[in-house]
Amino acid sequence: MSKSAARFPKGTQFRYEFLLLVETIMIFVIVGVFAGSFHEEFFRQEAPCPLCYLQRLSFISVAVGAMMNLRISIKIQHFAFSVLSAIFGQVVSTRQILLHICPGEPKFGIPILGLNLYTWAYIIFACIIFAQIIMLFIYIPEVSHIPHKKMRWWETLATVLVLLVILGNIVSLFIECGMGLCEDNFWPKFFQFHS
Amino acid sequence: MLMMGLFVLMLITYILVIYNKPYAAITVGIIMLILSAIMFYHHIDAPLHIEL
């Protein structure tokens with residue numbers, strides 16, 4: 001029996017490789033989303049709001065869930081973590097869409113391809129949930145017993161990019177808010193009321 | 001500060017994944033999501049508080 005066949009139980013190799021590939025692509029897509037949002041923030045001076053930060057946090061959380069599959073092993077709990085994060089992100093972006101949905105209401109930020117960033121976030125979260133569901137159809141429990149030996153270079157690159165995205169957000173948050181409260185319509189009023 | 005705390009928790013989750021601690025990572029990640037949800041709840045609740 002070959003080394004590869006010994007490692008993979010019958011009928012699992014394709015599923016295993018496919019799931020890892022899709023998770024890696026998903027991380028790269030999320031990094032692309034962040035590249036766009038950092039471009040908006042630093043080059044077009046569109047400071048993110050607290051809701052935008054919550055959506056960013058959900059995107060990173062989805063990426064970390066995918067990274068668990070790459071780094072540790074493919075487990076259903078990791079998919080669950082990603083789906084939960086994506087659902088939370090979708091709820092937050094829905095809230096932001098509803099805040100600006102009325103005609104005549106000022107929109108937040110400059111639209112890209114006719115849609116605002118929070119609408120794009122909603123669409124991307126929906127796509128992520130759909131992709132995770134497809135992966136759960138492909139997933140079989142035997143896949144989770146395969147030990148993940150060494151990460152390939154593109155998987156390592158995806159992992160490093162996620163770290164850069166997290167650090168980039170921390171720096172961006174520090175620039176915008178420092179160690180205090182973020183300036184927004186809501187937070188000062190909220191704390192003023194409760195003080 | 002609160003938002004910074006959430007991102008730091010995210011960073012801790014990332015480090016736990018890198019050091020191969022899946023249960024700890026998921027636990028910290030879920031705590032972070034719960035705290036985010038509380039923050040979000042305060043956001044949607046804010047106009048009500050102000051009206052009161």
# chains A, B, ... in the order shown; residues from 1 in each chain; ligands from 1
>>> residues_around(residues="stretch 111-117 of chain A", least_positions_apart="5", cutoff="10 Å", atoms="only C-alpha atoms", output="list in words")
Val33, Gly36, Ser37, Glu40, Cys52, Ser93, Ile97, Tyr122 and Ile123 of chain A
>>> residues_around(residues="stretch 9-14 of chain B", least_positions_apart="4", cutoff="9 Å", atoms="only C-alpha atoms", output="MDAnalysis selection string")
(chainID A and resid 57 60:61 64 67:68 162:163 166:167) or (chainID B and resid 4:5 18:19 24:29 31:32)
>>> residues_around(residues="B:Ala37", least_positions_apart="6", cutoff="10 Å", atoms="only C-alpha atoms", output="number ranges by chain")
A: 54, 88-89, 91-92; B: 31, 43
>>> write_last_selection(atoms="N, CA and C atoms", output="short mmCIF file (atom, residue, chain, number, x, y, z; two decimals), in the first residue's frame")
data_model
loop_
_atom_site.label_atom_id
_atom_site.label_comp_id
_atom_site.auth_asym_id
_atom_site.auth_seq_id
_atom_site.Cartn_x
_atom_site.Cartn_y
_atom_site.Cartn_z
N LEU A 54 -17.55 45.60 13.46
CA LEU A 54 -18.16 44.31 13.84
C LEU A 54 -18.24 43.39 12.62
N PHE A 88 -23.61 36.00 12.17
CA PHE A 88 -23.53 37.22 12.98
C PHE A 88 -23.19 38.43 12.10
N GLY A 89 -22.22 38.25 11.21
CA GLY A 89 -21.83 39.33 10.31
C GLY A 89 -22.99 39.76 9.42
N VAL A 91 -26.18 39.52 10.16
CA VAL A 91 -27.15 40.26 10.98
C VAL A 91 -26.70 41.71 11.13
N VAL A 92 -25.40 41.90 11.39
CA VAL A 92 -24.88 43.26 11.56
C VAL A 92 -25.02 44.06 10.26
N ILE B 31 -16.52 33.20 22.91
CA ILE B 31 -16.63 34.30 23.90
C ILE B 31 -16.58 35.64 23.16
N HIS B 43 -26.05 48.49 20.47
CA HIS B 43 -26.18 49.39 19.33
C HIS B 43 -27.63 49.48 18.89
#
>>> atom_distance(atom1="atom CA of A:Pro48", atom2="atom CA of A:Gly109")
8.8 Å
>>> closest_residue(among="A:Ile170, A:Ala86, A:Ile76, A:Ala35", to="chain B", atoms="only C-alpha atoms")
A:Ile170
>>> atom_distance(atom1="atom CA of A:Phe79", atom2="atom CA of A:Thr12")
17.7 Å
>>> residues_around(residues="A:Ile87", least_positions_apart="3", cutoff="9 Å", atoms="only C-alpha atoms", output="PyMOL selection string")
chain A and resi 58+82-84+90-92+125-126+129
>>> write_last_selection(atoms="N, CA, C and O atoms", output="PDB file, in the first residue's frame")
ATOM      1  N   SER A  58     -16.330  39.792  12.084  1.00  0.00           N
ATOM      2  CA  SER A  58     -16.989  38.562  11.624  1.00  0.00           C
ATOM      3  C   SER A  58     -16.237  37.951  10.447  1.00  0.00           C
ATOM      4  O   SER A  58     -16.081  36.729  10.382  1.00  0.00           O
ATOM      5  N   SER A  82     -17.306  28.972  11.671  1.00  0.00           N
ATOM      6  CA  SER A  82     -17.329  29.893  10.517  1.00  0.00           C
ATOM      7  C   SER A  82     -18.756  30.311  10.178  1.00  0.00           C
ATOM      8  O   SER A  82     -19.018  31.490   9.925  1.00  0.00           O
ATOM      9  N   VAL A  83     -19.673  29.343  10.196  1.00  0.00           N
ATOM     10  CA  VAL A  83     -21.066  29.665   9.842  1.00  0.00           C
ATOM     11  C   VAL A  83     -21.673  30.616  10.876  1.00  0.00           C
ATOM     12  O   VAL A  83     -22.334  31.602  10.525  1.00  0.00           O
ATOM     13  N   LEU A  84     -21.396  30.350  12.152  1.00  0.00           N
ATOM     14  CA  LEU A  84     -21.906  31.228  13.216  1.00  0.00           C
ATOM     15  C   LEU A  84     -21.395  32.656  13.032  1.00  0.00           C
ATOM     16  O   LEU A  84     -22.158  33.625  13.128  1.00  0.00           O
ATOM     17  N   GLN A  90     -23.761  38.778   8.992  1.00  0.00           N
ATOM     18  CA  GLN A  90     -24.904  39.100   8.130  1.00  0.00           C
ATOM     19  C   GLN A  90     -25.972  39.888   8.900  1.00  0.00           C
ATOM     20  O   GLN A  90     -26.564  40.819   8.353  1.00  0.00           O
ATOM     21  N   VAL A  91     -26.175  39.518  10.155  1.00  0.00           N
ATOM     22  CA  VAL A  91     -27.151  40.260  10.982  1.00  0.00           C
ATOM     23  C   VAL A  91     -26.696  41.712  11.131  1.00  0.00           C
ATOM     24  O   VAL A  91     -27.490  42.651  10.986  1.00  0.00           O
ATOM     25  N   VAL A  92     -25.401  41.898  11.385  1.00  0.00           N
ATOM     26  CA  VAL A  92     -24.880  43.259  11.564  1.00  0.00           C
ATOM     27  C   VAL A  92     -25.021  44.058  10.262  1.00  0.00           C
ATOM     28  O   VAL A  92     -25.458  45.219  10.278  1.00  0.00           O
ATOM     29  N   PHE A 125     -21.226  37.632   2.919  1.00  0.00           N
ATOM     30  CA  PHE A 125     -21.570  36.718   4.027  1.00  0.00           C
ATOM     31  C   PHE A 125     -22.544  35.634   3.545  1.00  0.00           C
ATOM     32  O   PHE A 125     -22.405  34.462   3.923  1.00  0.00           O
ATOM     33  N   ALA A 126     -23.496  36.031   2.697  1.00  0.00           N
ATOM     34  CA  ALA A 126     -24.442  35.043   2.153  1.00  0.00           C
ATOM     35  C   ALA A 126     -23.692  33.997   1.330  1.00  0.00           C
ATOM     36  O   ALA A 126     -23.966  32.791   1.440  1.00  0.00           O
ATOM     37  N   ILE A 129     -21.830  31.615   3.652  1.00  0.00           N
ATOM     38  CA  ILE A 129     -22.732  30.625   4.269  1.00  0.00           C
ATOM     39  C   ILE A 129     -23.082  29.536   3.250  1.00  0.00           C
ATOM     40  O   ILE A 129     -23.048  28.343   3.559  1.00  0.00           O
TER      41      ILE A 129
END
>>> residues_around(residues="A:Glu23", least_positions_apart="3", cutoff="6 Å", atoms="only C-alpha atoms", output="PyMOL selection string")
chain A and resi 20+26+66
>>> write_last_selection(atoms="N, CA, C and O atoms", output="short mmCIF file (atom, residue, chain, number, x, y, z; two decimals), in the first residue's frame")
data_model
loop_
_atom_site.label_atom_id
_atom_site.label_comp_id
_atom_site.auth_asym_id
_atom_site.auth_seq_id
_atom_site.Cartn_x
_atom_site.Cartn_y
_atom_site.Cartn_z
N LEU A 20 -9.90 21.49 1.72
CA LEU A 20 -8.77 22.36 2.06
C LEU A 20 -8.61 23.47 1.02
O LEU A 20 -8.36 24.63 1.37
N MET A 26 -11.37 30.65 0.25
CA MET A 26 -12.22 31.52 1.06
C MET A 26 -11.38 32.54 1.85
O MET A 26 -11.73 33.71 1.93
N ALA A 66 -11.86 28.90 9.03
CA ALA A 66 -11.29 28.19 7.88
C ALA A 66 -9.85 27.77 8.16
O ALA A 66 -9.40 26.69 7.77
#
>>> select_by_dssp(residues="stretch 28-187 of chain A", states="alpha helix (DSSP H)", output="ChimeraX atom specification")
/A:28-43,50-71,76-99,117-138,153-177,186-187
>>> atom_distance(atom1="atom CA of A:Phe81", atom2="atom CA of A:Phe28")
18.1 Å
>>> closest_residue(among="A:Phe8, A:Tyr53, A:Trp154, A:Phe42", to="chain B", atoms="only C-alpha atoms")
A:Tyr53
>>> closest_residue(among="A:Ala131, A:Val160, A:Ile74, A:Leu173", to="A:His145", atoms="only C-alpha atoms")
A:Ile74
>>> decode(residues="stretch 114-128 of chain A", atoms="N, CA, C and O atoms", output="PDB file, in the first residue's frame")
ATOM      1  N   GLY A 114     -22.071  50.505  -7.567  1.00  0.00           N
ATOM      2  CA  GLY A 114     -23.482  50.790  -7.293  1.00  0.00           C
ATOM      3  C   GLY A 114     -23.984  50.342  -5.929  1.00  0.00           C
ATOM      4  O   GLY A 114     -25.115  50.639  -5.557  1.00  0.00           O
ATOM      5  N   LEU A 115     -23.163  49.623  -5.184  1.00  0.00           N
ATOM      6  CA  LEU A 115     -23.607  49.147  -3.864  1.00  0.00           C
ATOM      7  C   LEU A 115     -22.660  49.659  -2.785  1.00  0.00           C
ATOM      8  O   LEU A 115     -21.456  49.789  -3.015  1.00  0.00           O
ATOM      9  N   ASN A 116     -23.226  49.899  -1.610  1.00  0.00           N
ATOM     10  CA  ASN A 116     -22.393  50.337  -0.492  1.00  0.00           C
ATOM     11  C   ASN A 116     -21.629  49.153   0.097  1.00  0.00           C
ATOM     12  O   ASN A 116     -21.990  48.006  -0.146  1.00  0.00           O
ATOM     13  N   LEU A 117     -20.620  49.487   0.880  1.00  0.00           N
ATOM     14  CA  LEU A 117     -19.757  48.415   1.408  1.00  0.00           C
ATOM     15  C   LEU A 117     -20.533  47.433   2.282  1.00  0.00           C
ATOM     16  O   LEU A 117     -20.284  46.235   2.251  1.00  0.00           O
ATOM     17  N   TYR A 118     -21.499  47.962   3.085  1.00  0.00           N
ATOM     18  CA  TYR A 118     -22.244  47.054   3.961  1.00  0.00           C
ATOM     19  C   TYR A 118     -23.158  46.127   3.158  1.00  0.00           C
ATOM     20  O   TYR A 118     -23.416  44.994   3.555  1.00  0.00           O
ATOM     21  N   THR A 119     -23.626  46.597   1.977  1.00  0.00           N
ATOM     22  CA  THR A 119     -24.436  45.719   1.116  1.00  0.00           C
ATOM     23  C   THR A 119     -23.544  44.627   0.527  1.00  0.00           C
ATOM     24  O   THR A 119     -23.944  43.451   0.463  1.00  0.00           O
ATOM     25  N   TRP A 120     -22.334  45.021   0.116  1.00  0.00           N
ATOM     26  CA  TRP A 120     -21.382  44.022  -0.369  1.00  0.00           C
ATOM     27  C   TRP A 120     -21.071  43.004   0.729  1.00  0.00           C
ATOM     28  O   TRP A 120     -20.970  41.805   0.463  1.00  0.00           O
ATOM     29  N   ALA A 121     -20.907  43.519   1.954  1.00  0.00           N
ATOM     30  CA  ALA A 121     -20.610  42.614   3.073  1.00  0.00           C
ATOM     31  C   ALA A 121     -21.735  41.595   3.240  1.00  0.00           C
ATOM     32  O   ALA A 121     -21.487  40.398   3.421  1.00  0.00           O
ATOM     33  N   TYR A 122     -22.983  42.079   3.121  1.00  0.00           N
ATOM     34  CA  TYR A 122     -24.139  41.175   3.247  1.00  0.00           C
ATOM     35  C   TYR A 122     -24.074  40.078   2.183  1.00  0.00           C
ATOM     36  O   TYR A 122     -24.268  38.888   2.474  1.00  0.00           O
ATOM     37  N   ILE A 123     -23.789  40.490   0.940  1.00  0.00           N
ATOM     38  CA  ILE A 123     -23.741  39.519  -0.175  1.00  0.00           C
ATOM     39  C   ILE A 123     -22.617  38.508   0.063  1.00  0.00           C
ATOM     40  O   ILE A 123     -22.797  37.300  -0.121  1.00  0.00           O
ATOM     41  N   ILE A 124     -21.459  39.017   0.499  1.00  0.00           N
ATOM     42  CA  ILE A 124     -20.311  38.107   0.698  1.00  0.00           C
ATOM     43  C   ILE A 124     -20.590  37.141   1.856  1.00  0.00           C
ATOM     44  O   ILE A 124     -20.260  35.957   1.769  1.00  0.00           O
ATOM     45  N   PHE A 125     -21.226  37.632   2.919  1.00  0.00           N
ATOM     46  CA  PHE A 125     -21.570  36.718   4.027  1.00  0.00           C
ATOM     47  C   PHE A 125     -22.544  35.634   3.545  1.00  0.00           C
ATOM     48  O   PHE A 125     -22.405  34.462   3.923  1.00  0.00           O
ATOM     49  N   ALA A 126     -23.496  36.031   2.697  1.00  0.00           N
ATOM     50  CA  ALA A 126     -24.442  35.043   2.153  1.00  0.00           C
ATOM     51  C   ALA A 126     -23.692  33.997   1.330  1.00  0.00           C
ATOM     52  O   ALA A 126     -23.966  32.791   1.440  1.00  0.00           O
ATOM     53  N   CYS A 127     -22.735  34.457   0.513  1.00  0.00           N
ATOM     54  CA  CYS A 127     -21.937  33.523  -0.312  1.00  0.00           C
ATOM     55  C   CYS A 127     -21.112  32.591   0.583  1.00  0.00           C
ATOM     56  O   CYS A 127     -20.987  31.391   0.291  1.00  0.00           O
ATOM     57  N   ILE A 128     -20.564  33.158   1.675  1.00  0.00           N
ATOM     58  CA  ILE A 128     -19.757  32.334   2.590  1.00  0.00           C
ATOM     59  C   ILE A 128     -20.628  31.240   3.215  1.00  0.00           C
ATOM     60  O   ILE A 128     -20.236  30.070   3.272  1.00  0.00           O
TER      61      ILE A 128
END
